Each structure stands twice: as C-alpha cells, then as structure tokens.
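Structure data (PDB, C-alpha atoms and all ligand atoms) from protein_10.pdb:
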```pdb
ATOM      1  CA  MET B  13      14.214 -24.906 -19.258
ATOM      2  CA  GLU B  14      11.730 -22.304 -18.072
ATOM      3  CA  ARG B  15      12.381 -18.687 -19.112
ATOM      4  CA  PHE B  16      12.794 -17.427 -15.539
ATOM      5  CA  ASN B  17      14.395 -20.358 -13.702
ATOM      6  CA  GLY B  18      16.171 -18.998 -10.637
ATOM      7  CA  LYS B  19      15.195 -15.370 -11.397
ATOM      8  CA  ARG B  20      14.181 -13.247  -8.443
ATOM      9  CA  VAL B  21      11.158 -11.079  -9.237
ATOM     10  CA  VAL B  22       9.338  -8.373  -7.261
ATOM     11  CA  VAL B  23       5.832  -7.310  -8.332
ATOM     12  CA  THR B  24       4.050  -4.403  -6.625
ATOM     13  CA  GLY B  25       0.259  -4.253  -6.550
ATOM     14  CA  ALA B  26       0.306  -8.027  -7.038
ATOM     15  CA  GLY B  27      -2.777  -8.705  -4.903
ATOM     16  CA  SER B  28      -5.208  -8.396  -7.825
ATOM     17  CA  GLY B  29      -5.685  -7.571 -11.508
ATOM     18  CA  PHE B  30      -2.631  -7.174 -13.730
ATOM     19  CA  GLY B  31      -0.128  -7.589 -10.883
ATOM     20  CA  GLU B  32      -1.674 -10.919  -9.884
ATOM     21  CA  ALA B  33      -1.457 -12.221 -13.455
ATOM     22  CA  ILE B  34       2.120 -10.934 -13.786
ATOM     23  CA  ALA B  35       3.267 -12.567 -10.528
ATOM     24  CA  LYS B  36       1.590 -15.869 -11.421
ATOM     25  CA  ARG B  37       3.043 -15.885 -14.947
ATOM     26  CA  PHE B  38       6.589 -15.321 -13.662
ATOM     27  CA  ALA B  39       6.139 -18.038 -11.023
ATOM     28  CA  SER B  40       4.737 -20.476 -13.591
ATOM     29  CA  GLU B  41       7.911 -19.970 -15.626
ATOM     30  CA  GLY B  42      10.292 -20.765 -12.784
ATOM     31  CA  ALA B  43      10.815 -17.416 -11.029
ATOM     32  CA  ARG B  44      10.907 -16.862  -7.287
ATOM     33  CA  VAL B  45       8.403 -14.075  -6.743
ATOM     34  CA  LEU B  46       7.873 -11.501  -4.015
ATOM     35  CA  VAL B  47       4.182 -10.587  -4.097
ATOM     36  CA  SER B  48       3.725  -7.099  -2.671
ATOM     37  CA  ASP B  49       0.562  -5.079  -2.115
ATOM     38  CA  ILE B  50      -1.057  -2.617   0.274
ATOM     39  CA  ASN B  51      -4.021  -5.029   0.462
ATOM     40  CA  GLU B  52      -3.024  -7.880   2.756
ATOM     41  CA  ALA B  53      -5.891 -10.220   1.884
ATOM     42  CA  GLY B  54      -5.271 -10.054  -1.872
ATOM     43  CA  MET B  55      -1.524 -10.324  -1.431
ATOM     44  CA  THR B  56      -1.742 -13.390   0.808
ATOM     45  CA  ARG B  57      -4.238 -15.075  -1.508
ATOM     46  CA  VAL B  58      -1.974 -14.628  -4.551
ATOM     47  CA  ARG B  59       1.101 -15.815  -2.643
ATOM     48  CA  ASP B  60      -0.733 -18.920  -1.442
ATOM     49  CA  GLU B  61      -2.212 -19.665  -4.870
ATOM     50  CA  ILE B  62       1.258 -19.522  -6.411
ATOM     51  CA  ALA B  63       2.549 -21.946  -3.781
ATOM     52  CA  ALA B  64      -0.463 -24.251  -4.263
ATOM     53  CA  ALA B  65       0.301 -24.356  -7.993
ATOM     54  CA  GLY B  66       3.858 -25.489  -7.219
ATOM     55  CA  GLY B  67       5.544 -22.099  -7.559
ATOM     56  CA  GLU B  68       7.741 -20.194  -5.145
ATOM     57  CA  ALA B  69       6.429 -16.970  -3.612
ATOM     58  CA  ILE B  70       6.872 -14.811  -0.552
ATOM     59  CA  SER B  71       4.972 -11.641   0.298
ATOM     60  CA  ALA B  72       5.606  -8.211   1.779
ATOM     61  CA  LEU B  73       2.980  -5.654   2.670
ATOM     62  CA  CYS B  74       3.947  -2.265   1.230
ATOM     63  CA  ASN B  75       2.421   1.083   0.367
ATOM     64  CA  VAL B  76       4.547   2.139  -2.619
ATOM     65  CA  ALA B  77       4.095   5.832  -1.761
ATOM     66  CA  GLU B  78       6.062   5.397   1.501
ATOM     67  CA  GLU B  79       9.836   5.302   1.146
ATOM     68  CA  ALA B  80      10.609   3.331   4.312
ATOM     69  CA  GLN B  81       8.093   0.647   3.312
ATOM     70  CA  VAL B  82       9.450   0.350  -0.235
ATOM     71  CA  GLU B  83      13.028   0.144   1.008
ATOM     72  CA  ALA B  84      12.098  -2.587   3.516
ATOM     73  CA  MET B  85      10.080  -4.526   0.928
ATOM     74  CA  ILE B  86      12.947  -4.553  -1.605
ATOM     75  CA  GLN B  87      15.413  -5.424   1.159
ATOM     76  CA  SER B  88      13.267  -8.380   2.202
ATOM     77  CA  ALA B  89      13.405  -9.724  -1.379
ATOM     78  CA  ALA B  90      17.181  -9.249  -1.457
ATOM     79  CA  ASP B  91      17.580 -10.953   1.934
ATOM     80  CA  GLU B  92      15.269 -13.855   1.140
ATOM     81  CA  PHE B  93      16.357 -14.461  -2.466
ATOM     82  CA  GLY B  94      19.955 -13.178  -2.366
ATOM     83  CA  GLY B  95      19.208 -10.380  -4.851
ATOM     84  CA  VAL B  96      16.595  -8.965  -7.226
ATOM     85  CA  ASP B  97      16.661  -9.571 -10.997
ATOM     86  CA  VAL B  98      13.308  -8.070 -12.017
ATOM     87  CA  LEU B  99      11.097  -5.348 -10.546
ATOM     88  CA  VAL B 100       7.619  -4.741 -11.936
ATOM     89  CA  ASN B 101       6.250  -1.394 -10.742
ATOM     90  CA  ASN B 102       2.585  -2.197 -11.222
ATOM     91  CA  ALA B 103       0.798  -0.701  -8.179
ATOM     92  CA  GLY B 104      -1.401   2.220  -9.166
ATOM     93  CA  TYR B 105      -4.924   3.555  -9.217
ATOM     94  CA  SER B 106      -7.011   6.360 -10.653
ATOM     95  CA  HIS B 107      -9.039   9.084  -9.022
ATOM     96  CA  HIS B 108     -12.710   8.912  -9.993
ATOM     97  CA  GLN B 109     -13.196  10.074 -13.576
ATOM     98  CA  ARG B 110     -14.197  13.715 -13.866
ATOM     99  CA  LEU B 111     -13.178  16.773 -15.844
ATOM    100  CA  MET B 112      -9.795  18.008 -14.677
ATOM    101  CA  TRP B 113     -10.954  21.274 -13.184
ATOM    102  CA  LYS B 114     -13.345  19.384 -10.897
ATOM    103  CA  ILE B 115     -10.536  17.383  -9.287
ATOM    104  CA  SER B 116      -9.252  18.514  -5.896
ATOM    105  CA  VAL B 117      -5.615  19.203  -5.071
ATOM    106  CA  GLU B 118      -5.807  16.360  -2.542
ATOM    107  CA  GLU B 119      -6.919  13.870  -5.220
ATOM    108  CA  PHE B 120      -4.229  15.153  -7.589
ATOM    109  CA  ASP B 121      -1.444  14.848  -4.997
ATOM    110  CA  ALA B 122      -2.614  11.414  -3.844
ATOM    111  CA  VAL B 123      -2.587   9.881  -7.333
ATOM    112  CA  PHE B 124       0.861  11.316  -8.067
ATOM    113  CA  ALA B 125       2.148   9.956  -4.732
ATOM    114  CA  VAL B 126       1.203   6.385  -5.618
ATOM    115  CA  ASN B 127       1.633   6.285  -9.402
ATOM    116  CA  VAL B 128       4.742   8.467  -9.773
ATOM    117  CA  ARG B 129       6.501   8.566  -6.405
ATOM    118  CA  GLY B 130       5.785   4.832  -6.091
ATOM    119  CA  VAL B 131       7.639   4.061  -9.331
ATOM    120  CA  PHE B 132      10.469   6.427  -8.374
ATOM    121  CA  LEU B 133      10.872   4.717  -4.984
ATOM    122  CA  GLY B 134      10.800   1.197  -6.408
ATOM    123  CA  CYS B 135      13.526   2.085  -8.914
ATOM    124  CA  LYS B 136      15.580   4.059  -6.380
ATOM    125  CA  HIS B 137      15.725   1.171  -3.938
ATOM    126  CA  VAL B 138      16.132  -1.724  -6.359
ATOM    127  CA  ILE B 139      18.878  -0.298  -8.552
ATOM    128  CA  PRO B 140      21.694  -0.581  -5.972
ATOM    129  CA  HIS B 141      20.827  -4.289  -5.589
ATOM    130  CA  MET B 142      20.759  -4.764  -9.376
ATOM    131  CA  ILE B 143      24.098  -3.006  -9.814
ATOM    132  CA  GLU B 144      25.571  -5.212  -7.089
ATOM    133  CA  GLY B 145      24.148  -8.296  -8.814
ATOM    134  CA  GLY B 146      25.496  -7.342 -12.232
ATOM    135  CA  GLY B 147      22.231  -6.276 -13.900
ATOM    136  CA  GLY B 148      18.463  -6.482 -13.940
ATOM    137  CA  VAL B 149      15.222  -5.467 -15.596
ATOM    138  CA  ILE B 150      12.564  -2.972 -14.506
ATOM    139  CA  VAL B 151       9.116  -2.932 -16.120
ATOM    140  CA  ASN B 152       6.777  -0.068 -15.276
ATOM    141  CA  ILE B 153       3.034  -0.298 -15.853
ATOM    142  CA  ALA B 154       1.949   2.988 -17.410
ATOM    143  CA  SER B 155      -1.208   3.337 -19.547
ATOM    144  CA  VAL B 156      -2.374   3.931 -23.092
ATOM    145  CA  GLY B 157      -3.767   7.142 -21.567
ATOM    146  CA  ALA B 158      -0.180   8.406 -21.374
ATOM    147  CA  VAL B 159       0.230   8.286 -25.157
ATOM    148  CA  ALA B 160      -3.372   8.859 -26.318
ATOM    149  CA  PRO B 161      -5.298  10.578 -23.517
ATOM    150  CA  ARG B 162      -9.088  10.899 -23.614
ATOM    151  CA  PRO B 163     -11.260  13.165 -21.439
ATOM    152  CA  GLY B 164     -12.027  12.211 -17.840
ATOM    153  CA  VAL B 165      -8.850  10.993 -16.170
ATOM    154  CA  THR B 166      -6.372  13.734 -17.055
ATOM    155  CA  PRO B 167      -4.315  13.903 -13.834
ATOM    156  CA  TYR B 168      -4.187  10.071 -13.821
ATOM    157  CA  ASN B 169      -2.966  10.076 -17.417
ATOM    158  CA  ALA B 170      -0.374  12.699 -16.480
ATOM    159  CA  THR B 171       0.975  10.347 -13.799
ATOM    160  CA  LYS B 172       1.455   7.712 -16.473
ATOM    161  CA  GLY B 173       3.142  10.256 -18.771
ATOM    162  CA  ALA B 174       5.573  10.927 -15.932
ATOM    163  CA  VAL B 175       6.168   7.176 -15.612
ATOM    164  CA  LEU B 176       7.034   6.937 -19.317
ATOM    165  CA  THR B 177       9.477   9.848 -19.099
ATOM    166  CA  MET B 178      11.089   8.341 -15.986
ATOM    167  CA  THR B 179      11.337   5.015 -17.812
ATOM    168  CA  LYS B 180      13.260   6.607 -20.680
ATOM    169  CA  GLY B 181      15.542   8.788 -18.554
ATOM    170  CA  LEU B 182      16.381   6.042 -16.078
ATOM    171  CA  ALA B 183      17.054   3.600 -18.919
ATOM    172  CA  MET B 184      19.766   5.992 -20.125
ATOM    173  CA  GLU B 185      21.244   6.267 -16.626
ATOM    174  CA  VAL B 186      21.631   2.524 -16.059
ATOM    175  CA  ALA B 187      22.146   1.120 -19.570
ATOM    176  CA  ARG B 188      25.862   0.497 -18.954
ATOM    177  CA  ASN B 189      25.044  -1.242 -15.668
ATOM    178  CA  ASN B 190      23.287  -3.996 -17.634
ATOM    179  CA  ILE B 191      19.913  -2.801 -16.344
ATOM    180  CA  ARG B 192      17.040  -2.396 -18.794
ATOM    181  CA  VAL B 193      14.015  -0.209 -18.042
ATOM    182  CA  ASN B 194      10.825  -0.424 -20.113
ATOM    183  CA  ALA B 195       7.104   0.172 -19.758
ATOM    184  CA  VAL B 196       3.813  -1.391 -20.790
ATOM    185  CA  ASN B 197       0.785   0.728 -21.724
ATOM    186  CA  PRO B 198      -2.420  -1.247 -21.134
ATOM    187  CA  VAL B 199      -5.819  -0.241 -22.451
ATOM    188  CA  ALA B 200      -8.922  -0.573 -20.250
ATOM    189  CA  ALA B 201      -9.481  -3.870 -18.429
ATOM    190  CA  ASP B 202     -12.220  -4.849 -16.000
ATOM    191  CA  THR B 203     -10.036  -5.074 -12.884
ATOM    192  CA  GLY B 204     -10.186  -3.487  -9.434
ATOM    193  CA  PHE B 205      -8.918  -0.371 -11.199
ATOM    194  CA  MET B 206     -12.463   0.406 -12.336
ATOM    195  CA  LYS B 207     -13.579   0.906  -8.735
ATOM    196  CA  GLY B 208     -11.387   3.993  -8.479
ATOM    197  CA  ALA B 209     -11.708   5.206 -12.058
ATOM    198  CA  MET B 210     -15.421   4.646 -12.604
ATOM    199  CA  GLY B 211     -16.736   3.975  -9.109
ATOM    200  CA  VAL B 212     -17.943   0.468  -9.961
ATOM    201  CA  ASP B 213     -16.904  -2.964  -8.702
ATOM    202  CA  SER B 214     -17.209  -4.337 -12.193
ATOM    203  CA  LEU B 215     -18.170  -2.877 -15.577
ATOM    204  CA  ASP B 216     -21.777  -3.376 -16.692
ATOM    205  CA  GLU B 217     -22.634  -4.285 -20.262
ATOM    206  CA  GLU B 218     -23.199  -0.702 -21.377
ATOM    207  CA  ALA B 219     -19.907   0.583 -19.936
ATOM    208  CA  THR B 220     -18.060  -2.381 -21.443
ATOM    209  CA  GLU B 221     -19.595  -1.702 -24.857
ATOM    210  CA  ARG B 222     -18.661   1.981 -24.665
ATOM    211  CA  LEU B 223     -15.025   1.107 -23.947
ATOM    212  CA  VAL B 224     -14.867  -1.740 -26.458
ATOM    213  CA  ALA B 225     -16.139   0.631 -29.172
ATOM    214  CA  THR B 226     -12.840   2.547 -28.851
ATOM    215  CA  ILE B 227     -10.652  -0.566 -29.203
ATOM    216  CA  PRO B 228     -10.154  -1.803 -32.793
ATOM    217  CA  ARG B 229      -9.465  -5.381 -31.675
ATOM    218  CA  GLY B 230     -13.002  -5.433 -30.235
ATOM    219  CA  ARG B 231     -12.456  -6.404 -26.618
ATOM    220  CA  LEU B 232     -11.030  -5.074 -23.345
ATOM    221  CA  ALA B 233      -7.518  -5.952 -22.197
ATOM    222  CA  ARG B 234      -7.136  -9.051 -20.056
ATOM    223  CA  PRO B 235      -4.601  -9.404 -17.248
ATOM    224  CA  ALA B 236      -2.971 -12.225 -19.247
ATOM    225  CA  ASP B 237      -2.269  -9.791 -22.132
ATOM    226  CA  ILE B 238      -0.331  -7.538 -19.775
ATOM    227  CA  ALA B 239       1.532 -10.437 -18.149
ATOM    228  CA  ALA B 240       2.619 -11.689 -21.588
ATOM    229  CA  ALA B 241       4.115  -8.300 -22.522
ATOM    230  CA  VAL B 242       5.797  -7.802 -19.143
ATOM    231  CA  THR B 243       7.421 -11.230 -19.169
ATOM    232  CA  TYR B 244       8.574 -10.721 -22.767
ATOM    233  CA  LEU B 245      10.272  -7.447 -21.799
ATOM    234  CA  ALA B 246      11.856  -9.100 -18.744
ATOM    235  CA  SER B 247      13.055 -12.154 -20.653
ATOM    236  CA  ASP B 248      16.270 -12.610 -22.619
ATOM    237  CA  ASP B 249      14.206 -12.163 -25.804
ATOM    238  CA  GLY B 250      13.836  -8.527 -24.735
ATOM    239  CA  ASP B 251      17.587  -8.099 -24.281
ATOM    240  CA  PHE B 252      17.943  -5.233 -26.787
ATOM    241  CA  LEU B 253      14.910  -3.284 -25.565
ATOM    242  CA  THR B 254      15.441  -0.433 -23.166
ATOM    243  CA  GLY B 255      13.834   2.975 -22.695
ATOM    244  CA  THR B 256      10.790   1.927 -24.666
ATOM    245  CA  SER B 257       7.176   0.950 -24.081
ATOM    246  CA  ILE B 258       4.693  -1.485 -25.599
ATOM    247  CA  ASN B 259       1.079  -0.430 -26.168
ATOM    248  CA  VAL B 260      -0.959  -3.476 -25.144
ATOM    249  CA  ASP B 261      -4.135  -1.850 -26.343
ATOM    250  CA  GLY B 262      -5.792  -3.787 -29.171
ATOM    251  CA  GLY B 263      -4.982  -0.891 -31.490
ATOM    252  CA  ARG B 264      -6.654   1.839 -29.401
ATOM    253  CA  SER B 265      -3.680   4.244 -29.672
ATOM    254  CA  VAL B 266      -3.359   4.076 -33.474
TER     255      VAL B 266
HETATM  256  N1  LIG W 301      -7.375  -1.759 -15.539
HETATM  257  C1  LIG W 301      -7.183  -0.790 -16.400
HETATM  258  O1  LIG W 301      -8.096  -0.384 -17.128
HETATM  259  C2  LIG W 301      -5.805  -0.177 -16.524
HETATM  260  C3  LIG W 301      -5.453   0.430 -17.732
HETATM  261  C4  LIG W 301      -4.204   1.009 -17.861
HETATM  262  C5  LIG W 301      -3.298   0.927 -16.826
HETATM  263  N2  LIG W 301      -3.652   0.337 -15.643
HETATM  264  C6  LIG W 301      -2.641   0.288 -14.579
HETATM  265  O2  LIG W 301      -2.368  -1.063 -14.267
HETATM  266  C7  LIG W 301      -1.868  -1.161 -12.943
HETATM  267  C8  LIG W 301      -2.589  -2.279 -12.216
HETATM  268  O3  LIG W 301      -3.949  -1.970 -12.108
HETATM  269  P1  LIG W 301      -5.108  -3.064 -12.228
HETATM  270  O4  LIG W 301      -5.896  -2.738 -13.426
HETATM  271  O5  LIG W 301      -4.548  -4.417 -12.076
HETATM  272  O6  LIG W 301      -6.010  -2.651 -10.965
HETATM  273  P2  LIG W 301      -6.234  -3.377  -9.554
HETATM  274  O7  LIG W 301      -6.907  -2.370  -8.704
HETATM  275  O8  LIG W 301      -6.876  -4.704  -9.775
HETATM  276  O9  LIG W 301      -4.760  -3.650  -9.017
HETATM  277  C9  LIG W 301      -3.953  -2.649  -8.448
HETATM  278  C10 LIG W 301      -3.303  -3.212  -7.207
HETATM  279  O10 LIG W 301      -2.442  -2.187  -6.668
HETATM  280  C11 LIG W 301      -2.630  -2.130  -5.274
HETATM  281  N3  LIG W 301      -2.313  -0.796  -4.777
HETATM  282  C12 LIG W 301      -3.036   0.332  -4.919
HETATM  283  N4  LIG W 301      -2.420   1.356  -4.296
HETATM  284  C13 LIG W 301      -1.290   0.854  -3.752
HETATM  285  C14 LIG W 301      -0.249   1.402  -2.978
HETATM  286  N5  LIG W 301      -0.265   2.699  -2.602
HETATM  287  N6  LIG W 301       0.779   0.611  -2.616
HETATM  288  C15 LIG W 301       0.788  -0.709  -2.974
HETATM  289  N7  LIG W 301      -0.179  -1.286  -3.685
HETATM  290  C16 LIG W 301      -1.210  -0.521  -4.072
HETATM  291  C17 LIG W 301      -4.093  -2.502  -5.041
HETATM  292  O11 LIG W 301      -4.307  -2.960  -3.718
HETATM  293  C18 LIG W 301      -4.313  -3.569  -6.103
HETATM  294  O12 LIG W 301      -4.056  -4.871  -5.621
HETATM  295  C19 LIG W 301      -2.070   0.225 -12.314
HETATM  296  O13 LIG W 301      -0.826   0.907 -12.316
HETATM  297  C20 LIG W 301      -3.058   0.895 -13.255
HETATM  298  O14 LIG W 301      -2.923   2.293 -13.250
HETATM  299  C21 LIG W 301      -4.880  -0.235 -15.479
END
```
Could you write out this structure as structure tokens?
Amino acid sequence: MERFNGKRVVVTGAGSGFGEAIAKRFASEGARVLVSDINEAGMTRVRDEIAAAGGEAISALCNVAEEAQVEAMIQSAADEFGGVDVLVNNAGYSHHQRLMWKISVEEFDAVFAVNVRGVFLGCKHVIPHMIEGGGGVIVNIASVGAVAPRPGVTPYNATKGAVLTMTKGLAMEVARNNIRVNAVNPVAADTGFMKGAMGVDSLDEEATERLVATIPRGRLARPADIAAAVTYLASDDGDFLTGTSINVDGGRSV
C-alpha cells in the first residue's frame, strides 16, 4: 500500500525545482496530482513525465497572486478528482539580492503578492473543499531565511516570515476541522530560484562554496530533501503535527 493511494494533491509552482520533486514524489506514492505553475512549458513537462512514469497527473496554469486564477485552479482539482486532500503552496521567488534600502517599492510589493498573497489565496480557496471532504493537509514552503535571516534578501525573508505566521494562525483556525497546516523551511538549493535571487541560471563553483560554507552538513539542499519533508508532513505519520515547521537546512539555522 502506497502512502498516498487515492489522495488528491495540488502543488503550486510544480513546473520546476522543489515543486517538481514534490509533485513527482506524491505521484510515485499513489497520489493523483494537479501540477500547477505560471510557466506552461515546465508545468506540461512535469505532468507528462509523471504520466510517463505511470503516475496520474493533470495540470492547471495559474498565477498564485491572482485570486480568480487560484480559485479556478483549485476548483478544477475538485471537479476532476472529486475533492482535494493536500495542498502544497510552493510557488515563490525572490527579488534580486541587494541591501534592503536599495529595493524598490515595486519589487517589495511584487514579492509579497506572490509569496504571501499566493499562500493566502491557496488556503482561502482550498479550505472550503477540505471542510466539505472531512479534512486535509496544507504544507507551505517558507525558508530558513524566515527563522535565521542573513543580509541580502530581507523583504524576501519577510515574506517567508509572514508565511510561517499564517501557517500557525491558520492551523489554530482549522484544527477542529481535521485540517493540518505546516511549513517547510529549505536552505539554499541550486534551482530556478537562483535566477531571481542571484541573477544566475545556475550557481558557479565559487557561489556554491560560499553557500555550502554556511551549512554544517556540507552541501546545498536538493529538491528530494524538500519532497521528503513535505510528504512526511502530509502523510499519516505526520498526523499529530500542526502549526509547526521543519528546517530542512543541513543545520544552517542552529
Ligand atoms: N532554492 C532555494 O534556495 C530556496 C530556499 C528556500 C526556499 N525556497 C522556496 O522554495 C519554493 C520553490 O522554489 P524553487 O527553489 O523550487 O525555485 P524554482 O524557481 O525552480 O521554482 C519555483 C516555481 O514557481 C513558479 N512560480 C513563480 N511565480 C509564480 C506565480 N506567481 N504563480 C505560480 N507559479 C509561480 C515558477 O514558474 C517555478 O516553476 C519557493 O517558494 C522558494 O521561495 C527556495
């Protein structure tokens, strides 16, 4: 028996990086997955790769900052699958790293719209379906920067702090509805994220070494590390966890 047989899972930002690994891990353990992203090419690729590997996946294009799009995306999962058991709010990005007082109001507002409003909208529109279905699990992807910020991405880290506070507050609101809400705090990984944060397609050796030097375990995070923590929180083994977060950071926050 797979851990997620018959479970209906929605993953935002699933067209690359952590979201891709999360969607594929759920599908490989029996879940029916809605792969959602703002990037159609990535989204379609992940959906098709899940199907080619024998899993079940559908897709829905969605900008998580736009309420009508989030509502329609969640509704399409509910229509297609008959409900939603798990939502992973993973979509997010960072403004280019710079000292905070050099960041424009436009950059600040844009990163809050995706990283904070996006999580708010996902939760807002999935919870009525979860209540109707008798329960569910939400996992939000925050960041180690929310609990141990370092210079350079302060507004970004503040978005993730807001995600952690929303995670805790919402968990209290829905605990008696059999809905659990938790978060995962990844440390740096060489994903598409680095294009926004550091302006590079992929980290070079020097940048990798600089980041690795801050991580006691001696390597960057891998998408599989994040998928393992997310699926643990969403599984029955995580049944008594709500309103909390796991630092998947190789010891960086200690
Ligand atoms: N990679 C890291 O170093 C790191 C560390 C800590 C936390 N995170 C967080 O992990 C999450 C996933 O990032 P990743 O590292 O996999 O990067 P990524 O860029 O590979 O993946 C992010 C995905 O989100 C999608 N996306 C971006 N804006 C969107 C929007 N408005 N609506 C819908 N989809 C959107 C992108 O198209 C992309 O497919 C993000 O929330 C990020 O903040 C990343």
The PyMOL selection byres (((chain B and resi 180-193) around 9) and not hetatm) resolved against shown file, as a ChimeraX atom specification: /B:135,139,142-143,146-152,175-179,194-195,245-246,251-257
Nearby polymer residues, ligand LIG 301 (chain W), at most 6 Å, all atoms listed in the file, as a ChimeraX atom specification: /B:25-31,49-51,74-77,102-105,126,153-155,198-205
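CA of Lys19 (chain B) sits 20.1 Å away from CA of Val82 (chain B).
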Counting only C-alpha atoms, the residue of B:Ile258, B:Ile238, B:Ala225, B:Ile70 that sits nearest Arg44 (chain B): B:Ile70
Protein and nucleic acid residues near (-0.5, 14.2, -11.9) (cut-off 10 Å, only C-alpha atoms) as JSON, numbers by chain: {"B": [117, 119, 120, 121, 122, 123, 124, 125, 127, 128, 165, 166, 167, 168, 169, 170, 171, 172, 173, 174]}
Residues near Val23 (chain B), cut-off 7 Å, only C-alpha atoms, skip fewer than 5 positions along chain, as an MDAnalysis selection string: chainID B and resid 31 35 46:48 99:102
Result set, the PyMOL selection byres (((chain B and resi 59) around 8) and not hetatm) on current file, as an MDAnalysis selection string: chainID B and resid 47 55:58 60:63 69:71
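In this structure, CA of Asn17 (chain B) sits 6.8 Å away from CA of Glu41 (chain B).
With CA of Gly66 (chain B) on one side and CA of Glu32 (chain B) on the other, the separation reads 15.8 Å.
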